[in-house]
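Written below as structure tokens is the structure these notes are about.
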Amino acid sequence: MLTGGISCKGSYHNINQDYVSFYTDTDVSVIAVSDGLGSRKFSQYGSEALCKSVIDIVNNTDITDVSLNGICGMVHRKWLDMLKDKNVDDCCATALFCFLYQDEVFLFQLGDGLAGVLTKNGTEVLFDDKSTHYINETDCLDSHFDVSLWKYRCFPADCFCGAVLCTDGVEISPYTEEGLKNFTREFITGYSGMSREEITEHIRSWLPEWTGTDDKTIAFMINGE
């Protein structure tokens, strides 16, 4: 399984508030991205804590019999613990992650951005439905846990082709379910058969110039050697 990710700072502030993490081994593969809320002064710490929390839980916890709701709760508790020396409500951040564990692939999304998976049976996308929010409002990790705000899916690993996660700085048009599915399919099929290094360098060549002034972050997991 190939995993990787790229993050680049936007043009209108001095700190990249996004974060990306990825990990792969013989038994597990993990990708995670997070976008710190610009309205919170330490949100870059929140986005970093989310990505590191996911990697730590998948690598060091037996989640065989844990429900998808339960995984959301575990991530939130780990995130709070990693930020215990800060006011966590100054560290609000989104959460998008995907991991291969045993014979299943899990996809999670909270807040802005795209979490997309391509399987042999079709394309699935999770994203924030702006019809229920003001334009600059999003769900996020904060001091209170509300599992109803999370979206998640689970897929058999034997039909998995790949996954892509994007913070909302990677502006995708049209921002509709079909538009996001098209982006997911084109991204994964376009990079299938390439090495991790080739994928990473190619993304690095176009991501900074992609439409939008916000921080831009992409993580990928593609079924390959």
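Residue numbering restarts at 1 for every chain of the structure tokens, chains are lettered A, B, ... in their displayed order, and ligands are numbered from 1 as they appear.
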Each residue of region 4-25 of chain A with at least one atom at most 8 Å from region 34-37 of chain A should appear once, together with its nearest atom pair and the corresponding distance in Å (one decimal); atoms considered: only C-alpha atoms; ordering: chain, then increasing residue number; output as a Markdown table.
```
| residue | atom | partner | partner_atom | distance |
| --- | --- | --- | --- | --- |
| A:Gln17 | CA | A:Gly36 | CA | 5.0 |
| A:Asp18 | CA | A:Asp35 | CA | 4.4 |
| A:Tyr19 | CA | A:Ser34 | CA | 5.4 |
| A:Val20 | CA | A:Ser34 | CA | 6.7 |
```
Write the residues you've just listed into a file as a short mmCIF file (atom, residue, chain, number, x, y, z; two decimals), in the first residue's frame, and include N, CA and C atoms for each of them.
```
data_model
loop_
_atom_site.label_atom_id
_atom_site.label_comp_id
_atom_site.auth_asym_id
_atom_site.auth_seq_id
_atom_site.Cartn_x
_atom_site.Cartn_y
_atom_site.Cartn_z
N GLN A 17 -1.76 26.17 8.91
CA GLN A 17 -2.61 25.60 9.95
C GLN A 17 -3.09 24.19 9.62
N ASP A 18 -2.76 23.70 8.42
CA ASP A 18 -3.04 22.31 8.05
C ASP A 18 -1.95 21.40 8.60
N TYR A 19 -2.27 20.10 8.61
CA TYR A 19 -1.26 19.10 8.96
C TYR A 19 -1.59 17.81 8.22
N VAL A 20 -0.57 17.03 7.90
CA VAL A 20 -0.77 15.75 7.22
C VAL A 20 0.16 14.71 7.85
#
```
Please, which residues of region 29-170 of chain A, numbered as in this document, come out helix (DSSP H, G or I) from DSSP, as a ChimeraX atom specification?
/A:43-60,68-82,88-90,130-132,147-149,157-159
Show me a table, sorted first by chain and then by increasing residue number, of the residues of region 193-221 of chain A having an atom at most 12 Å from region 43-58 of chain A, each with its shortest atom pair and the distance in Å to one decimal, counting only C-alpha atoms and written as JSON lines.
```
{"residue": "A:Asp215", "atom": "CA", "partner": "A:Gln44", "partner_atom": "CA", "distance": 11.3}
{"residue": "A:Thr217", "atom": "CA", "partner": "A:Ser47", "partner_atom": "CA", "distance": 11.6}
{"residue": "A:Ala219", "atom": "CA", "partner": "A:Cys51", "partner_atom": "CA", "distance": 11.2}
```
Go ahead and save the residues from that selection, with C-alpha atoms, as an mmCIF file, in the first residue's frame.
```cif
data_model
loop_
_atom_site.group_PDB
_atom_site.id
_atom_site.type_symbol
_atom_site.label_atom_id
_atom_site.label_comp_id
_atom_site.auth_asym_id
_atom_site.auth_seq_id
_atom_site.Cartn_x
_atom_site.Cartn_y
_atom_site.Cartn_z
ATOM 1 C CA ASP A 215 -3.404 26.230 3.007
ATOM 2 C CA THR A 217 -3.084 19.641 1.894
ATOM 3 C CA ALA A 219 -2.918 12.725 1.491
#
```
Find the residues around region 177-179 of chain A up to 10 Å (only C-alpha atoms counted), leave out those fewer than 4 positions away in its own chain, and share them as a list in words.
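Everything that qualifies: Thr123, Glu124, Val125, Leu126, Phe127, Asp129, Ile172, Ser173, Phe183 and Thr184 of chain A.
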Could you tell me which of A:Pro174, A:Glu201, A:Asp158, A:Val105 comes closest to Ile31 (chain A) if we count only C-alpha atoms?
A:Val105
Considering only C-alpha atoms, return as a PyMOL selection string whatever protein or nucleic-acid residues lie within 10 Å of Phe160 (chain A), sequence-local ones (same chain, fewer than 4 positions apart) excluded.
chain A and resi 100+104-105+117-122+155-156+221-223
Go ahead and save the picked residues with N, CA, C and O atoms, as an mmCIF file, in the first residue's frame.
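File written: selection_23.cif
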```
data_model
loop_
_atom_site.group_PDB
_atom_site.id
_atom_site.type_symbol
_atom_site.label_atom_id
_atom_site.label_comp_id
_atom_site.auth_asym_id
_atom_site.auth_seq_id
_atom_site.Cartn_x
_atom_site.Cartn_y
_atom_site.Cartn_z
ATOM 1 N N LEU A 100 -6.227 1.303 6.687
ATOM 2 C CA LEU A 100 -6.376 -0.127 6.439
ATOM 3 C C LEU A 100 -6.016 -0.856 7.710
ATOM 4 O O LEU A 100 -4.929 -0.654 8.263
ATOM 5 N N GLU A 104 -10.089 -4.667 6.386
ATOM 6 C CA GLU A 104 -11.059 -3.619 6.105
ATOM 7 C C GLU A 104 -10.368 -2.261 5.979
ATOM 8 O O GLU A 104 -9.301 -2.035 6.540
ATOM 9 N N VAL A 105 -11.026 -1.371 5.240
ATOM 10 C CA VAL A 105 -10.573 0.012 5.109
ATOM 11 C C VAL A 105 -11.641 0.904 5.725
ATOM 12 O O VAL A 105 -12.836 0.756 5.448
ATOM 13 N N VAL A 117 -12.951 7.589 -1.493
ATOM 14 C CA VAL A 117 -12.430 6.238 -1.682
ATOM 15 C C VAL A 117 -12.929 5.692 -3.016
ATOM 16 O O VAL A 117 -14.114 5.856 -3.361
ATOM 17 N N LEU A 118 -12.034 5.062 -3.753
ATOM 18 C CA LEU A 118 -12.381 4.338 -4.972
ATOM 19 C C LEU A 118 -12.255 2.852 -4.705
ATOM 20 O O LEU A 118 -11.213 2.388 -4.236
ATOM 21 N N THR A 119 -13.314 2.117 -4.967
ATOM 22 C CA THR A 119 -13.284 0.661 -4.851
ATOM 23 C C THR A 119 -13.658 0.051 -6.199
ATOM 24 O O THR A 119 -14.061 0.753 -7.137
ATOM 25 N N LYS A 120 -13.566 -1.261 -6.300
ATOM 26 C CA LYS A 120 -13.968 -1.948 -7.522
ATOM 27 C C LYS A 120 -15.469 -1.836 -7.762
ATOM 28 O O LYS A 120 -15.942 -2.080 -8.874
ATOM 29 N N ASN A 121 -16.199 -1.442 -6.720
ATOM 30 C CA ASN A 121 -17.650 -1.345 -6.816
ATOM 31 C C ASN A 121 -18.153 0.078 -7.019
ATOM 32 O O ASN A 121 -19.366 0.296 -7.143
ATOM 33 N N GLY A 122 -17.240 1.062 -7.014
ATOM 34 C CA GLY A 122 -17.678 2.438 -7.201
ATOM 35 C C GLY A 122 -16.873 3.416 -6.367
ATOM 36 O O GLY A 122 -15.833 3.080 -5.800
ATOM 37 N N PHE A 155 -15.087 -0.429 4.204
ATOM 38 C CA PHE A 155 -15.049 -1.148 2.936
ATOM 39 C C PHE A 155 -14.181 -2.407 3.080
ATOM 40 O O PHE A 155 -13.173 -2.385 3.797
ATOM 41 N N PRO A 156 -14.520 -3.491 2.370
ATOM 42 C CA PRO A 156 -13.627 -4.655 2.344
ATOM 43 C C PRO A 156 -12.310 -4.292 1.668
ATOM 44 O O PRO A 156 -12.299 -3.639 0.620
ATOM 45 N N MET A 221 -3.671 7.220 -0.354
ATOM 46 C CA MET A 221 -3.412 5.818 -0.081
ATOM 47 C C MET A 221 -3.839 5.054 -1.319
ATOM 48 O O MET A 221 -5.021 5.077 -1.687
ATOM 49 N N ILE A 222 -2.897 4.421 -1.996
ATOM 50 C CA ILE A 222 -3.174 3.758 -3.255
ATOM 51 C C ILE A 222 -2.699 2.312 -3.181
ATOM 52 O O ILE A 222 -1.596 2.035 -2.721
ATOM 53 N N ASN A 223 -3.563 1.418 -3.615
ATOM 54 C CA ASN A 223 -3.269 0.003 -3.539
ATOM 55 C C ASN A 223 -2.185 -0.332 -4.544
ATOM 56 O O ASN A 223 -2.394 -0.307 -5.759
#
```
Could you check which of A:Ile63, A:Ala93, A:Ala115, A:Val28 is closest to Ile218 (chain A), using only C-alpha atoms?
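Smallest separation from Ile218 (chain A) among the options: A:Ala115.
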What's around Tyr191 (chain A) at 10 Å? Count only C-alpha atoms, leave out sequence neighbours fewer than 3 positions away in its own chain, and write the answer as a list in words.
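The residues that qualify are Gly162, Glu186, Phe187, Ile188, Met194, Ser195, Arg196, Glu198, Ile199, Thr200, His202, Ile203, Phe220 and Ile222 of chain A.
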I'd like to know which of A:Tyr152, A:Lys78, A:Thr24, A:Cys72 is closest to Gly224 (chain A), using only C-alpha atoms.
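Of all the options, A:Thr24 lies closest to Gly224 (chain A).
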So that I can check the surroundings of Asp214 (chain A), please list as a PyMOL selection string every protein, DNA and RNA residue that reaches within 12 Å of it, counting only C-alpha atoms and ignoring chain neighbours fewer than 2 positions away.
chain A and resi 7-18+35-38+167-171+207-212+216-217
Keeping only C-alpha atoms, write the selected residues to a file as a PDB file, in the first residue's frame.
```pdb
ATOM      1  CA  SER A   7       0.954  20.331   2.560  1.00  0.00           C
ATOM      2  CA  CYS A   8       1.717  23.883   1.477  1.00  0.00           C
ATOM      3  CA  LYS A   9       1.015  27.190   3.183  1.00  0.00           C
ATOM      4  CA  GLY A  10      -1.550  29.562   1.757  1.00  0.00           C
ATOM      5  CA  SER A  11      -0.863  33.141   0.801  1.00  0.00           C
ATOM      6  CA  TYR A  12      -2.821  35.117   3.390  1.00  0.00           C
ATOM      7  CA  HIS A  13      -1.277  34.120   6.736  1.00  0.00           C
ATOM      8  CA  ASN A  14       2.144  33.263   8.128  1.00  0.00           C
ATOM      9  CA  ILE A  15       1.501  29.791   9.562  1.00  0.00           C
ATOM     10  CA  ASN A  16       0.354  26.642   7.811  1.00  0.00           C
ATOM     11  CA  GLN A  17      -2.614  25.604   9.954  1.00  0.00           C
ATOM     12  CA  ASP A  18      -3.045  22.311   8.048  1.00  0.00           C
ATOM     13  CA  ASP A  35      -7.305  21.918   8.880  1.00  0.00           C
ATOM     14  CA  GLY A  36      -6.971  24.153  11.909  1.00  0.00           C
ATOM     15  CA  LEU A  37      -9.771  26.707  12.158  1.00  0.00           C
ATOM     16  CA  GLY A  38      -8.406  30.113  11.264  1.00  0.00           C
ATOM     17  CA  THR A 167      -8.438  20.010   3.133  1.00  0.00           C
ATOM     18  CA  ASP A 168     -10.812  22.592   1.720  1.00  0.00           C
ATOM     19  CA  GLY A 169      -7.929  24.773   0.546  1.00  0.00           C
ATOM     20  CA  VAL A 170      -7.799  22.353  -2.393  1.00  0.00           C
ATOM     21  CA  GLU A 171     -10.821  23.913  -4.055  1.00  0.00           C
ATOM     22  CA  LEU A 207      -0.521  21.757  -5.619  1.00  0.00           C
ATOM     23  CA  PRO A 208       0.979  25.192  -4.720  1.00  0.00           C
ATOM     24  CA  GLU A 209      -0.568  26.684  -7.880  1.00  0.00           C
ATOM     25  CA  TRP A 210      -3.985  25.103  -7.386  1.00  0.00           C
ATOM     26  CA  THR A 211      -6.909  27.524  -7.211  1.00  0.00           C
ATOM     27  CA  GLY A 212      -7.364  29.183  -3.810  1.00  0.00           C
ATOM     28  CA  LYS A 216      -3.593  23.203   0.713  1.00  0.00           C
ATOM     29  CA  THR A 217      -3.084  19.641   1.894  1.00  0.00           C
TER      30      THR A 217
END
```
Counting only C-alpha atoms, the residue of A:Asp81, A:Leu96, A:Ser205, A:Asn87 that sits nearest Ala32 (chain A)
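Distance minimum relative to Ala32 (chain A) lands on A:Leu96.
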Name the residues in contact with Arg77 (chain A) at a cut-off of 12 Å, using only C-alpha atoms, excluding same-chain residues fewer than 2 positions from it; report them as a PyMOL selection string.
chain A and resi 49-50+53-54+57+70-75+79-84+88+141-146
Dump of C-alpha atoms for the selected residues, as a PDB file, in the first residue's frame:
```
ATOM      1  CA  ALA A  49      -2.643  16.560  17.312  1.00  0.00           C
ATOM      2  CA  LEU A  50      -5.439  15.036  15.242  1.00  0.00           C
ATOM      3  CA  SER A  53      -3.667  10.810  17.384  1.00  0.00           C
ATOM      4  CA  VAL A  54      -4.957   8.733  14.479  1.00  0.00           C
ATOM      5  CA  ILE A  57      -4.378   4.718  17.835  1.00  0.00           C
ATOM      6  CA  GLY A  70     -16.229   4.061  19.207  1.00  0.00           C
ATOM      7  CA  ILE A  71     -13.262   4.886  16.971  1.00  0.00           C
ATOM      8  CA  CYS A  72     -14.501   8.480  16.699  1.00  0.00           C
ATOM      9  CA  GLY A  73     -14.613   8.672  20.491  1.00  0.00           C
ATOM     10  CA  MET A  74     -11.136   7.166  20.857  1.00  0.00           C
ATOM     11  CA  VAL A  75      -9.681   9.725  18.453  1.00  0.00           C
ATOM     12  CA  TRP A  79      -6.748  14.451  20.767  1.00  0.00           C
ATOM     13  CA  LEU A  80      -7.826  15.982  24.078  1.00  0.00           C
ATOM     14  CA  ASP A  81      -4.995  14.195  25.886  1.00  0.00           C
ATOM     15  CA  MET A  82      -2.392  15.457  23.425  1.00  0.00           C
ATOM     16  CA  LEU A  83      -3.647  19.015  23.994  1.00  0.00           C
ATOM     17  CA  LYS A  84      -4.043  18.760  27.774  1.00  0.00           C
ATOM     18  CA  VAL A  88      -8.473  22.965  23.484  1.00  0.00           C
ATOM     19  CA  LEU A 141     -12.945  18.877  17.014  1.00  0.00           C
ATOM     20  CA  ASP A 142     -13.394  20.905  20.183  1.00  0.00           C
ATOM     21  CA  SER A 143     -13.817  20.278  23.911  1.00  0.00           C
ATOM     22  CA  HIS A 144     -17.194  18.551  23.448  1.00  0.00           C
ATOM     23  CA  PHE A 145     -17.716  15.247  21.631  1.00  0.00           C
ATOM     24  CA  ASP A 146     -20.766  14.832  19.403  1.00  0.00           C
TER      25      ASP A 146
END
```
Strand (DSSP E) residues, from DSSP on the backbone, in chain A, as a PyMOL selection string:
chain A and resi 2-8+18-24+28-35+95-101+104-110+114-119+122-127+151-156+160-166+216-222
In Å, with one decimal, what is the gap from CA of Val147 (chain A) to CA of Asn69 (chain A)?
6.6 Å
One decimal, in Å: what's the spacing between CA of Gln109 (chain A) and CA of Ala95 (chain A)?
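If I compute the distance from CA of Gln109 (chain A) to CA of Ala95 (chain A), I get 5.7 Å.
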Which residue gives the smallest distance to Arg204 (chain A) among A:Val66, A:Ile6, A:Leu107, A:Met1, with only C-alpha atoms counted?
A:Ile6
